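As stored in run_4.cif (mmCIF, C-alpha atoms and all ligand atoms):
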data_structure
#
loop_
_atom_site.label_atom_id
_atom_site.label_comp_id
_atom_site.auth_asym_id
_atom_site.auth_seq_id
_atom_site.Cartn_x
_atom_site.Cartn_y
_atom_site.Cartn_z
CA MET A 1 67.33 -27.69 -13.92
CA ARG A 2 69.08 -24.64 -12.45
CA ILE A 3 69.98 -22.42 -15.36
CA LEU A 4 72.28 -19.41 -15.25
CA VAL A 5 71.23 -16.86 -17.88
CA THR A 6 73.75 -14.11 -18.62
CA GLY A 7 72.10 -11.04 -20.10
CA GLY A 8 68.77 -12.42 -18.89
CA ALA A 9 67.24 -8.95 -18.53
CA GLY A 10 67.86 -8.12 -22.20
CA TYR A 11 65.56 -8.51 -25.17
CA ILE A 12 66.09 -12.15 -26.11
CA GLY A 13 67.22 -13.13 -22.61
CA SER A 14 64.00 -11.91 -20.97
CA HIS A 15 61.78 -13.88 -23.35
CA THR A 16 63.91 -16.98 -22.82
CA CYS A 17 63.75 -16.60 -19.02
CA VAL A 18 59.93 -16.54 -19.14
CA LEU A 19 59.85 -19.80 -21.12
CA LEU A 20 62.49 -21.44 -18.89
CA LEU A 21 60.49 -20.57 -15.76
CA GLU A 22 57.24 -21.72 -17.39
CA ALA A 23 58.94 -25.03 -18.26
CA GLY A 24 59.72 -25.53 -14.54
CA HIS A 25 63.41 -24.59 -14.51
CA GLU A 26 65.02 -22.43 -11.82
CA VAL A 27 66.59 -19.35 -13.36
CA VAL A 28 69.46 -17.21 -12.09
CA ILE A 29 69.93 -14.06 -14.14
CA VAL A 30 73.39 -12.49 -14.33
CA ASP A 31 73.08 -8.99 -15.75
CA ASP A 32 74.84 -5.67 -15.13
CA PHE A 33 71.94 -3.62 -16.55
CA SER A 34 74.31 -1.79 -18.89
CA ASN A 35 71.72 -2.12 -21.66
CA SER A 36 68.66 -3.37 -19.78
CA LYS A 37 66.45 -2.45 -16.82
CA PRO A 38 65.59 -4.20 -13.53
CA GLU A 39 61.93 -3.69 -14.47
CA ALA A 40 62.38 -6.40 -17.12
CA VAL A 41 63.32 -8.89 -14.38
CA ARG A 42 60.24 -7.91 -12.38
CA ARG A 43 58.03 -8.47 -15.42
CA ILE A 44 59.62 -11.84 -16.17
CA GLY A 45 58.43 -12.93 -12.73
CA GLU A 46 55.00 -11.42 -13.29
CA LEU A 47 54.54 -13.30 -16.59
CA ALA A 48 55.92 -16.63 -15.40
CA GLY A 49 54.07 -16.54 -12.08
CA ARG A 50 57.34 -17.00 -10.20
CA GLY A 51 60.55 -15.05 -10.19
CA ALA A 52 64.08 -15.52 -11.37
CA GLU A 53 66.97 -14.97 -8.96
CA LEU A 54 69.21 -12.04 -9.85
CA ALA A 55 72.96 -11.45 -9.55
CA GLU A 56 73.84 -7.93 -10.68
CA VAL A 57 77.31 -8.65 -12.00
CA ASP A 58 79.49 -7.49 -14.90
CA LEU A 59 81.17 -10.46 -16.63
CA LEU A 60 84.40 -8.45 -16.64
CA ASP A 61 84.41 -8.37 -12.83
CA ARG A 62 86.01 -11.77 -12.48
CA ALA A 63 85.93 -12.01 -8.67
CA SER A 64 82.23 -11.15 -8.44
CA LEU A 65 81.44 -13.44 -11.36
CA ASP A 66 83.25 -16.38 -9.72
CA ASP A 67 81.23 -15.77 -6.54
CA ALA A 68 77.94 -15.46 -8.44
CA VAL A 69 78.55 -18.66 -10.43
CA ALA A 70 79.61 -20.61 -7.33
CA GLU A 71 76.58 -19.38 -5.42
CA ALA A 72 74.16 -20.07 -8.30
CA GLY A 73 75.38 -23.65 -8.71
CA PRO A 74 74.00 -23.93 -12.26
CA GLU A 75 73.54 -27.15 -14.22
CA ALA A 76 73.55 -25.23 -17.52
CA VAL A 77 74.24 -21.74 -18.83
CA VAL A 78 72.53 -19.74 -21.53
CA HIS A 79 74.98 -16.98 -22.47
CA PHE A 80 73.44 -13.85 -23.98
CA ALA A 81 75.42 -11.06 -22.30
CA GLY A 82 77.35 -8.91 -24.75
CA LEU A 83 77.41 -5.75 -26.80
CA LYS A 84 75.54 -5.91 -30.10
CA ALA A 85 75.60 -2.65 -32.06
CA VAL A 86 77.51 -3.14 -35.32
CA GLY A 87 78.30 0.54 -35.95
CA GLU A 88 79.44 1.09 -32.38
CA SER A 89 81.71 -1.96 -32.65
CA VAL A 90 83.50 -0.39 -35.63
CA ALA A 91 84.14 2.78 -33.60
CA GLN A 92 85.04 0.97 -30.34
CA PRO A 93 86.61 -2.38 -31.30
CA LEU A 94 88.56 -2.87 -28.07
CA ARG A 95 85.46 -2.38 -25.96
CA TYR A 96 83.60 -4.95 -28.07
CA TYR A 97 86.38 -7.54 -27.94
CA ARG A 98 86.87 -7.04 -24.22
CA THR A 99 83.20 -7.26 -23.31
CA ASN A 100 82.22 -10.04 -25.66
CA VAL A 101 85.34 -12.20 -25.92
CA ALA A 102 86.98 -11.56 -22.52
CA GLY A 103 83.54 -11.65 -20.85
CA THR A 104 82.95 -15.10 -22.33
CA LEU A 105 86.41 -16.32 -21.28
CA ASN A 106 85.69 -15.15 -17.73
CA LEU A 107 82.38 -16.98 -17.76
CA LEU A 108 83.91 -20.24 -19.03
CA GLU A 109 86.77 -19.99 -16.53
CA ALA A 110 84.30 -19.33 -13.73
CA LEU A 111 82.37 -22.46 -14.77
CA ALA A 112 85.45 -24.69 -15.06
CA PRO A 113 85.85 -25.46 -11.34
CA THR A 114 82.11 -26.18 -11.01
CA GLY A 115 80.53 -29.30 -12.44
CA CYS A 116 78.62 -27.26 -15.04
CA ARG A 117 79.75 -27.99 -18.60
CA THR A 118 76.59 -27.23 -20.58
CA VAL A 119 76.53 -23.95 -22.49
CA VAL A 120 74.06 -22.51 -24.99
CA PHE A 121 75.60 -19.53 -26.78
CA SER A 122 73.90 -16.62 -28.45
CA SER A 123 75.60 -16.25 -31.83
CA SER A 124 74.49 -14.56 -35.01
CA ALA A 125 74.00 -15.18 -38.70
CA THR A 126 76.44 -12.31 -39.13
CA VAL A 127 79.20 -14.96 -38.90
CA TYR A 128 78.25 -16.04 -42.44
CA GLY A 129 80.09 -12.96 -43.73
CA PRO A 130 79.51 -10.54 -46.59
CA GLU A 131 78.60 -12.86 -49.45
CA PRO A 132 76.37 -15.58 -48.07
CA GLN A 133 75.27 -18.54 -50.18
CA LEU A 134 71.48 -18.57 -49.72
CA PRO A 135 69.70 -20.18 -48.02
CA LEU A 136 72.36 -20.40 -45.33
CA LYS A 137 73.25 -23.81 -43.94
CA GLU A 138 75.35 -24.30 -40.83
CA ASP A 139 78.31 -25.64 -42.82
CA ALA A 140 78.59 -22.51 -44.99
CA PRO A 141 81.91 -20.67 -44.69
CA THR A 142 82.15 -18.23 -41.80
CA SER A 143 83.75 -14.82 -41.66
CA ALA A 144 82.83 -11.32 -40.47
CA THR A 145 82.85 -7.70 -41.58
CA ASN A 146 83.01 -5.78 -38.29
CA PRO A 147 84.29 -6.25 -34.71
CA TYR A 148 80.84 -7.29 -33.44
CA GLY A 149 80.71 -10.09 -36.01
CA TRP A 150 84.33 -11.07 -35.37
CA SER A 151 83.64 -11.25 -31.63
CA LYS A 152 80.85 -13.79 -32.30
CA PHE A 153 83.14 -15.65 -34.72
CA MET A 154 85.92 -15.78 -32.10
CA ILE A 155 83.64 -16.97 -29.32
CA GLU A 156 82.29 -19.73 -31.58
CA GLN A 157 85.90 -20.84 -32.15
CA ILE A 158 86.72 -20.71 -28.43
CA LEU A 159 83.71 -22.92 -27.68
CA ALA A 160 84.60 -25.38 -30.45
CA ASP A 161 88.19 -25.60 -29.14
CA LEU A 162 86.98 -26.07 -25.58
CA HIS A 163 84.79 -29.01 -26.62
CA ALA A 164 87.63 -30.47 -28.72
CA ALA A 165 89.94 -30.34 -25.69
CA ASP A 166 87.41 -31.81 -23.28
CA ASP A 167 84.24 -33.36 -24.62
CA SER A 168 82.50 -33.22 -21.26
CA TRP A 169 81.68 -29.65 -22.35
CA ALA A 170 78.32 -29.74 -24.14
CA ILE A 171 78.00 -26.71 -26.42
CA ALA A 172 75.18 -25.33 -28.55
CA THR A 173 75.97 -22.35 -30.74
CA LEU A 174 72.76 -20.76 -31.96
CA ARG A 175 73.02 -18.52 -35.01
CA TYR A 176 70.11 -16.11 -34.91
CA PHE A 177 68.74 -14.47 -37.99
CA ASN A 178 66.64 -11.32 -37.26
CA PRO A 179 64.79 -11.56 -33.92
CA VAL A 180 61.75 -9.25 -33.81
CA GLY A 181 58.37 -8.89 -32.10
CA ALA A 182 57.60 -9.08 -28.41
CA HIS A 183 55.85 -11.26 -25.86
CA PRO A 184 52.12 -11.40 -26.81
CA SER A 185 51.22 -9.93 -23.40
CA GLY A 186 52.91 -6.65 -24.38
CA ARG A 187 54.76 -6.66 -21.03
CA ILE A 188 58.29 -7.39 -22.28
CA GLY A 189 59.91 -6.42 -25.55
CA GLU A 190 62.87 -4.72 -27.17
CA ASP A 191 63.89 -1.46 -25.47
CA PRO A 192 66.76 0.06 -27.45
CA GLN A 193 68.58 3.00 -25.88
CA GLY A 194 68.90 5.98 -28.22
CA ILE A 195 68.14 5.78 -31.93
CA PRO A 196 67.29 2.20 -32.90
CA ASN A 197 69.71 0.54 -35.32
CA ASN A 198 67.35 -2.23 -36.35
CA LEU A 199 64.40 -2.05 -38.68
CA LEU A 200 61.47 -3.23 -36.55
CA PRO A 201 62.24 -1.09 -33.47
CA PHE A 202 62.63 1.94 -35.73
CA VAL A 203 59.31 1.24 -37.51
CA SER A 204 57.61 0.78 -34.11
CA GLN A 205 58.95 4.11 -32.88
CA VAL A 206 57.74 5.86 -36.04
CA ALA A 207 54.29 4.33 -35.51
CA VAL A 208 54.14 5.51 -31.90
CA GLY A 209 55.28 9.03 -32.85
CA ARG A 210 58.79 8.99 -31.35
CA ARG A 211 60.39 9.30 -34.83
CA GLU A 212 59.14 11.23 -37.83
CA LYS A 213 59.85 8.76 -40.61
CA LEU A 214 61.77 5.65 -41.52
CA SER A 215 64.84 5.79 -43.76
CA VAL A 216 64.83 2.82 -46.11
CA PHE A 217 68.51 2.10 -46.66
CA GLY A 218 68.58 1.54 -50.41
CA ASP A 219 66.09 0.27 -52.99
CA ASP A 220 68.63 -0.72 -55.63
CA TYR A 221 69.70 -4.10 -54.29
CA ASP A 222 69.44 -7.19 -56.44
CA THR A 223 66.27 -8.35 -54.64
CA PRO A 224 62.66 -8.57 -55.90
CA ASP A 225 61.71 -5.00 -54.82
CA GLY A 226 65.24 -3.60 -54.49
CA THR A 227 65.24 -3.36 -50.66
CA GLY A 228 67.24 -5.55 -48.28
CA VAL A 229 65.91 -9.03 -47.52
CA ARG A 230 66.20 -10.64 -44.08
CA ASP A 231 64.81 -13.62 -42.18
CA TYR A 232 62.66 -12.13 -39.39
CA LEU A 233 61.70 -14.52 -36.60
CA HIS A 234 59.45 -13.95 -33.60
CA VAL A 235 61.45 -13.53 -30.38
CA VAL A 236 59.18 -16.06 -28.62
CA ASP A 237 60.00 -18.63 -31.32
CA LEU A 238 63.67 -17.78 -30.84
CA ALA A 239 63.35 -18.19 -27.07
CA ALA A 240 61.67 -21.57 -27.63
CA GLY A 241 64.67 -22.53 -29.79
CA HIS A 242 66.92 -22.04 -26.74
CA LEU A 243 64.82 -24.42 -24.66
CA ALA A 244 64.81 -26.99 -27.44
CA ALA A 245 68.60 -26.67 -27.84
CA LEU A 246 69.17 -26.92 -24.09
CA HIS A 247 67.00 -30.00 -23.71
CA ARG A 248 68.69 -31.67 -26.69
CA LEU A 249 72.14 -30.80 -25.35
CA VAL A 250 71.37 -32.37 -21.99
CA GLU A 251 70.22 -35.54 -23.79
CA VAL A 252 73.04 -36.00 -26.28
CA GLY A 253 75.97 -33.74 -25.23
CA GLY A 254 78.42 -32.79 -27.95
CA HIS A 255 79.07 -29.59 -29.87
CA HIS A 256 76.34 -28.33 -32.18
CA VAL A 257 75.62 -25.34 -34.36
CA TRP A 258 72.02 -24.57 -35.18
CA ASN A 259 70.54 -21.81 -37.34
CA LEU A 260 67.46 -20.26 -35.82
CA GLY A 261 65.39 -18.63 -38.54
CA THR A 262 62.19 -19.12 -40.50
CA GLY A 263 63.78 -19.90 -43.86
CA GLN A 264 61.80 -17.04 -45.45
CA GLY A 265 63.33 -13.78 -46.64
CA ARG A 266 61.27 -10.59 -46.35
CA SER A 267 62.07 -7.19 -47.81
CA VAL A 268 61.99 -3.83 -46.01
CA PHE A 269 58.91 -2.88 -48.04
CA GLU A 270 57.19 -6.15 -47.04
CA VAL A 271 57.91 -5.39 -43.38
CA ILE A 272 56.47 -1.87 -43.68
CA ALA A 273 53.32 -3.24 -45.36
CA ALA A 274 52.89 -5.97 -42.72
CA PHE A 275 53.31 -3.44 -39.92
CA GLU A 276 50.73 -1.11 -41.47
CA ARG A 277 48.31 -4.07 -41.89
CA ALA A 278 48.77 -5.27 -38.32
CA THR A 279 48.43 -1.85 -36.70
CA GLY A 280 46.38 0.31 -39.07
CA VAL A 281 49.06 2.98 -38.59
CA PRO A 282 50.70 4.40 -41.74
CA ILE A 283 54.54 4.40 -41.72
CA PRO A 284 56.00 7.40 -43.55
CA TYR A 285 59.38 6.58 -45.12
CA GLU A 286 61.97 7.87 -47.54
CA VAL A 287 64.48 5.88 -49.52
CA THR A 288 68.04 6.92 -48.69
CA ASP A 289 71.52 5.62 -49.52
CA ARG A 290 72.52 2.10 -48.65
CA ARG A 291 73.86 1.63 -45.13
CA PRO A 292 77.60 0.87 -45.29
CA GLY A 293 78.32 -2.80 -44.69
CA ASP A 294 74.76 -4.00 -45.43
CA ILE A 295 74.26 -7.06 -47.60
CA ALA A 296 71.39 -7.53 -50.06
CA ALA A 297 69.89 -10.65 -48.57
CA SER A 298 70.26 -13.15 -45.76
CA TYR A 299 67.98 -16.02 -44.80
CA ALA A 300 68.37 -19.36 -43.12
CA ASP A 301 68.05 -22.93 -44.10
CA PRO A 302 66.58 -23.96 -40.73
CA THR A 303 66.26 -27.67 -41.63
CA LYS A 304 68.90 -28.82 -39.13
CA ALA A 305 67.15 -27.17 -36.17
CA ASN A 306 63.75 -28.29 -37.48
CA GLN A 307 64.88 -31.92 -37.62
CA GLU A 308 67.26 -32.21 -34.68
CA LEU A 309 65.40 -29.98 -32.24
CA GLY A 310 61.82 -30.51 -33.43
CA TRP A 311 61.65 -26.71 -33.55
CA THR A 312 60.22 -24.30 -36.10
CA ALA A 313 59.71 -20.54 -36.13
CA ASP A 314 56.09 -20.42 -37.19
CA HIS A 315 54.76 -17.00 -36.14
CA THR A 316 53.82 -15.01 -39.25
CA LEU A 317 55.19 -11.57 -40.01
CA ASP A 318 51.72 -10.13 -39.31
CA ALA A 319 51.64 -11.76 -35.85
CA ILE A 320 55.16 -10.45 -35.21
CA CYS A 321 54.09 -6.90 -36.09
CA ALA A 322 50.93 -7.11 -33.97
CA ASP A 323 52.98 -8.21 -30.95
CA ALA A 324 55.69 -5.60 -31.58
CA TRP A 325 52.96 -2.95 -31.69
CA ARG A 326 51.27 -4.13 -28.49
CA TRP A 327 54.59 -3.78 -26.65
CA GLN A 328 55.46 -0.41 -28.25
CA SER A 329 52.02 1.17 -27.83
CA GLN A 330 51.69 0.02 -24.20
CA ASN A 331 55.28 1.07 -23.37
CA PRO A 332 55.98 4.00 -25.70
CA GLU A 333 59.14 4.97 -23.80
CA GLY A 334 60.21 1.38 -23.10
CA TYR A 335 60.67 0.14 -19.52
CA PRO A 336 60.41 2.68 -16.70
CA ASP A 337 63.60 3.24 -14.67
N1 LIG B 1 66.89 -1.02 -42.55
C1 LIG B 1 66.33 0.14 -43.07
N2 LIG B 1 66.14 1.21 -42.24
C2 LIG B 1 66.47 1.18 -40.91
C3 LIG B 1 67.02 -0.01 -40.37
C4 LIG B 1 67.24 -1.08 -41.23
O1 LIG B 1 66.03 0.20 -44.27
O2 LIG B 1 66.28 2.20 -40.21
C5 LIG B 1 67.09 -2.19 -43.42
C6 LIG B 1 68.51 -2.68 -43.52
O3 LIG B 1 69.20 -2.02 -44.57
C7 LIG B 1 68.32 -4.18 -43.77
C8 LIG B 1 67.03 -4.50 -43.01
O4 LIG B 1 66.36 -3.25 -42.84
O5 LIG B 1 68.09 -4.44 -45.14
C9 LIG B 1 67.27 -5.12 -41.63
O6 LIG B 1 68.16 -4.29 -40.91
P1 LIG B 1 68.52 -4.60 -39.40
O7 LIG B 1 69.51 -3.57 -38.95
O8 LIG B 1 67.26 -4.70 -38.60
O9 LIG B 1 69.16 -6.05 -39.42
P2 LIG B 1 70.55 -6.57 -40.08
O10 LIG B 1 70.91 -5.67 -41.22
O11 LIG B 1 71.52 -6.55 -38.97
O12 LIG B 1 70.23 -7.95 -40.56
#
Would you write out, as C-alpha cells, the structure that this file holds?
Amino acid sequence: MRILVTGGAGYIGSHTCVLLLEAGHEVVIVDDFSNSKPEAVRRIGELAGRGAELAEVDLLDRASLDDAVAEAGPEAVVHFAGLKAVGESVAQPLRYYRTNVAGTLNLLEALAPTGCRTVVFSSSATVYGPEPQLPLKEDAPTSATNPYGWSKFMIEQILADLHAADDSWAIATLRYFNPVGAHPSGRIGEDPQGIPNNLLPFVSQVAVGRREKLSVFGDDYDTPDGTGVRDYLHVVDLAAGHLAALHRLVEVGGHHVWNLGTGQGRSVFEVIAAFERATGVPIPYEVTDRRPGDIAASYADPTKANQELGWTADHTLDAICADAWRWQSQNPEGYPD
C-alpha cells in the first residue's frame, strides 16, 4: 500500500516508517521538522534498505497540505504529527489546540476529496483521565487534565463522529501507554529538544553525562515502592502495533480503539535499576516533590489488541534499556543537524 505518515520523522513515526518499508509498503512522510530532523528520514532509508518519500509540509498550511496529499495519492494514513509536551500545553493551550486539533481537521479535509478513508491515529492513555480504573480497558471513561490530553480526546471524538457520519471511513485510534527504547541498531531513537520531560530520555541523558542527576518526582504515592508506576513499552513493539492495526483496518473497516501497552506497571525505581543493569552505568538521583498533575499509576489491559490484532508488546524492560542506551551512547547529542 501507499501510506502517508504525518510526523514520520519523529520518534514513534520513524520506527513505524522503518517497519512499513520493511513490510513492502510505500511510505510518504509529511513532516515540518518542527520537532524532528531530516537526518531521521535519511536513517529510516538506511535501515529499511529503501527510502521514504518526503513532503516537508506543516499541517496548518492547508494549501500545501492539499497539494501534498493529492500528489502522494495515499491508500491509508498514519497520523502522528502533533505537539506532545504536557507542561507546554498548559502554558500555550491555543497553540496546542490549533496544531493538534486544527492540524487533524486539515488532514481529514485534505483526504476527503481523495479516495483515502483509512486512518490510524496516534492517541494516548492520557485520555483515561486523572483517576484511572486499573488495568485500563478501552471502554473505561475518558477525560483529560491538560490541553495536550484534551486535544487527543477531541481528535478521538472527531474521528468517531466522522465514522458515524460516513462508515466508509475506517478509523483506528491507538492509545499508547509509555513508549520507550530505540531501534536495536542504535541508528534511530528519541531526540528530545531541551530538557527531557519523560523519564527514560532523562535517565539516558544522565547516563551519558548530559545531566547531573535524575529527580524522582515523589516517593510517597500509594504504589509498592512509593514512586509512580507506568506501562513502558518498546517503541518497536509500538510501531509493530501500528502495522497490525493498519492491516486489520484494511481487512474489516470500522472504527476501533486499541490500547497499546504491555499490561505491566513498573515503578521509577524499577526503571532506574533496569537501566543500571542493562548499561552498567550508575544513575545518581534525588527524590523531589511530586510533579503537578502526575497520577500514581497507569497501566493497560492490552487484551483487546492482543486478541483482535494478534499483537503483544513483549520486549522486556531490560531489552528496552539496552536499546535506549545503544541509541543514546552512539548519538549523545541526538541527530546531527
Ligand atoms: N518521572 C520522574 N522524573 C523525571 C521524569 C518522570 O520521576 O524526570 C516519573 C513521573 O513522575 C512518572 C514516571 O516517571 O511517575 C513517568 O513519567 P513520564 O513523564 O515519562 O510519563 P507520563 O507521566 O507522561 O506517563
Write out as a short mmCIF file (atom, residue, chain, number, x, y, z; two decimals) with C-alpha atoms, keeping the file's coordinate frame the residues lying within 12 Å of Glu46 of chain A, counting only C-alpha atoms and excluding same-chain residues fewer than 4 positions away.
data_model
loop_
_atom_site.label_atom_id
_atom_site.label_comp_id
_atom_site.auth_asym_id
_atom_site.auth_seq_id
_atom_site.Cartn_x
_atom_site.Cartn_y
_atom_site.Cartn_z
CA SER A 14 64.00 -11.91 -20.97
CA CYS A 17 63.75 -16.60 -19.02
CA VAL A 18 59.93 -16.54 -19.14
CA LEU A 21 60.49 -20.57 -15.76
CA GLU A 22 57.24 -21.72 -17.39
CA GLU A 39 61.93 -3.69 -14.47
CA ALA A 40 62.38 -6.40 -17.12
CA VAL A 41 63.32 -8.89 -14.38
CA ARG A 42 60.24 -7.91 -12.38
CA ARG A 50 57.34 -17.00 -10.20
CA GLY A 51 60.55 -15.05 -10.19
CA ALA A 52 64.08 -15.52 -11.37
CA SER A 185 51.22 -9.93 -23.40
CA ARG A 187 54.76 -6.66 -21.03
CA ILE A 188 58.29 -7.39 -22.28
#
* Dump the neighbourhood of ligand LIG 1 (chain B) as an NGL selection string: all residues within 7 Å, distances computed on all atoms listed in the file. => :A and (178 or 197-200 or 202 or 214-218 or 227-230 or 268 or 290-291 or 294 or 296)
Go ahead and save the residues from that selection, with C-alpha atoms, as a short mmCIF file (atom, residue, chain, number, x, y, z; two decimals), in the frame of the given file.
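Heads up, here's the output in again.cif:
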data_model
loop_
_atom_site.label_atom_id
_atom_site.label_comp_id
_atom_site.auth_asym_id
_atom_site.auth_seq_id
_atom_site.Cartn_x
_atom_site.Cartn_y
_atom_site.Cartn_z
CA ASN A 178 66.64 -11.32 -37.26
CA ASN A 197 69.71 0.54 -35.32
CA ASN A 198 67.35 -2.23 -36.35
CA LEU A 199 64.40 -2.05 -38.68
CA LEU A 200 61.47 -3.23 -36.55
CA PHE A 202 62.63 1.94 -35.73
CA LEU A 214 61.77 5.65 -41.52
CA SER A 215 64.84 5.79 -43.76
CA VAL A 216 64.83 2.82 -46.11
CA PHE A 217 68.51 2.10 -46.66
CA GLY A 218 68.58 1.54 -50.41
CA THR A 227 65.24 -3.36 -50.66
CA GLY A 228 67.24 -5.55 -48.28
CA VAL A 229 65.91 -9.03 -47.52
CA ARG A 230 66.20 -10.64 -44.08
CA VAL A 268 61.99 -3.83 -46.01
CA ARG A 290 72.52 2.10 -48.65
CA ARG A 291 73.86 1.63 -45.13
CA ASP A 294 74.76 -4.00 -45.43
CA ALA A 296 71.39 -7.53 -50.06
#
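Of the residues listed (A:Ala172, A:Met154, A:Ala324, A:Ala240), A:Ala324 shows the shortest atom-to-atom separation from Val208 of chain A; distances use only C-alpha atoms.
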Assuming 4 Å of padding per side, give the centre and edge lengths of the axis-aligned box around every listed atom of segment 303-314 of chain A, in Å to one decimal and as lines of an AutoDock Vina configuration file.
center_x = 62.5
center_y = -26.3
center_z = -36.9
size_x = 20.8
size_y = 19.8
size_z = 17.4
* Which is closer to Leu65 of chain A than all the others in A:Glu53, A:Glu270, A:Asp166, A:Asp32, using all atoms listed in the file? ->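 Of A:Glu53, A:Glu270, A:Asp166, A:Asp32, the one nearest Leu65 of chain A, counting all atoms listed in the file, is A:Asp32.
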* With a distance cut-off of 8 Å and all atoms listed in the file, select the neighbouring residues of Glu190 of chain A, excluding the residue or stretch itself and same-chain residues fewer than 5 positions from it, and output the selection as a ChimeraX atom specification. => /A:10-11,181-182,201,334
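For the choices A:Val203, A:Leu174, A:Lys152, A:Leu107, the atom-to-atom distance to Val69 of chain A is smallest for A:Leu107 when using all atoms listed in the file.
Nearest residue to Gly129 of chain A, choosing from A:Ser298, A:Asn35, A:Cys321, A:Asn306 and counting all atoms listed in the file: A:Ser298.
Among the candidates A:Val119, A:Ile155, A:Ile171, A:Val86, the one nearest to Ala102 of chain A when counting all atoms listed in the file is A:Ile155.
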* Of the listed residues A:Leu59, A:Ala297, A:Val120, A:Leu309, that which approaches Thr173 of chain A most closely, counting all atoms listed in the file ->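 Closest residue, counting all atoms listed in the file: A:Val120.
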* Asked: If you count all atoms listed in the file, which residues fall within 12 Å of Ser143 of chain A, apart from same-chain ones fewer than 4 positions away, as a count of residues only?
  -> 19
* To do: Report the distance between atom CA of Ser64 of chain A and atom CA of Glu26 of chain A in Å, rounded to one decimal place.
  =>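 That distance, rounded to one decimal, is 20.9 Å.
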Nearby residues (only C-alpha atoms) at most 10 Å from Leu233 of chain A, same-chain spacing under 3 positions excluded, as a short mmCIF file (atom, residue, chain, number, x, y, z; two decimals) with C-alpha atoms, in the coordinates of the input:
data_model
loop_
_atom_site.label_atom_id
_atom_site.label_comp_id
_atom_site.auth_asym_id
_atom_site.auth_seq_id
_atom_site.Cartn_x
_atom_site.Cartn_y
_atom_site.Cartn_z
CA TYR A 176 70.11 -16.11 -34.91
CA PHE A 177 68.74 -14.47 -37.99
CA ASN A 178 66.64 -11.32 -37.26
CA PRO A 179 64.79 -11.56 -33.92
CA VAL A 180 61.75 -9.25 -33.81
CA GLY A 181 58.37 -8.89 -32.10
CA ARG A 230 66.20 -10.64 -44.08
CA VAL A 236 59.18 -16.06 -28.62
CA ASP A 237 60.00 -18.63 -31.32
CA LEU A 238 63.67 -17.78 -30.84
CA LEU A 260 67.46 -20.26 -35.82
CA GLY A 261 65.39 -18.63 -38.54
CA THR A 262 62.19 -19.12 -40.50
CA GLY A 263 63.78 -19.90 -43.86
CA GLN A 264 61.80 -17.04 -45.45
CA THR A 312 60.22 -24.30 -36.10
CA ALA A 313 59.71 -20.54 -36.13
CA ASP A 314 56.09 -20.42 -37.19
CA HIS A 315 54.76 -17.00 -36.14
CA THR A 316 53.82 -15.01 -39.25
CA LEU A 317 55.19 -11.57 -40.01
CA ILE A 320 55.16 -10.45 -35.21
#
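Interatomic distance, atom CA of Gly8 of chain A against atom CA of Ile29 of chain A: 5.2 Å.
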* To one decimal in Å, tell me the separation between atom CA of Gly189 of chain A and atom CA of Trp327 of chain A. => 6.0 Å
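Neighbours of Glu71 of chain A closer than or equal to 12 Å, with all atoms listed in the file counted and sequence neighbours fewer than 6 positions away skipped, come out as A:Arg2, A:Leu4, A:Val28, A:Val30, A:Glu53, A:Leu54, A:Ala55, A:Ser64, A:Leu65, A:Ala110, A:Leu111, A:Thr114.
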Requested write-out: C-alpha atoms of the selected residues, as a PDB file, keeping the file's coordinate frame:
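Here's the written file again.pdb:
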ATOM      1  CA  ARG A   2      69.080 -24.640 -12.450  1.00  0.00           C
ATOM      2  CA  LEU A   4      72.280 -19.410 -15.250  1.00  0.00           C
ATOM      3  CA  VAL A  28      69.460 -17.210 -12.090  1.00  0.00           C
ATOM      4  CA  VAL A  30      73.390 -12.490 -14.330  1.00  0.00           C
ATOM      5  CA  GLU A  53      66.970 -14.970  -8.960  1.00  0.00           C
ATOM      6  CA  LEU A  54      69.210 -12.040  -9.850  1.00  0.00           C
ATOM      7  CA  ALA A  55      72.960 -11.450  -9.550  1.00  0.00           C
ATOM      8  CA  SER A  64      82.230 -11.150  -8.440  1.00  0.00           C
ATOM      9  CA  LEU A  65      81.440 -13.440 -11.360  1.00  0.00           C
ATOM     10  CA  ALA A 110      84.300 -19.330 -13.730  1.00  0.00           C
ATOM     11  CA  LEU A 111      82.370 -22.460 -14.770  1.00  0.00           C
ATOM     12  CA  THR A 114      82.110 -26.180 -11.010  1.00  0.00           C
TER      13      THR A 114
END
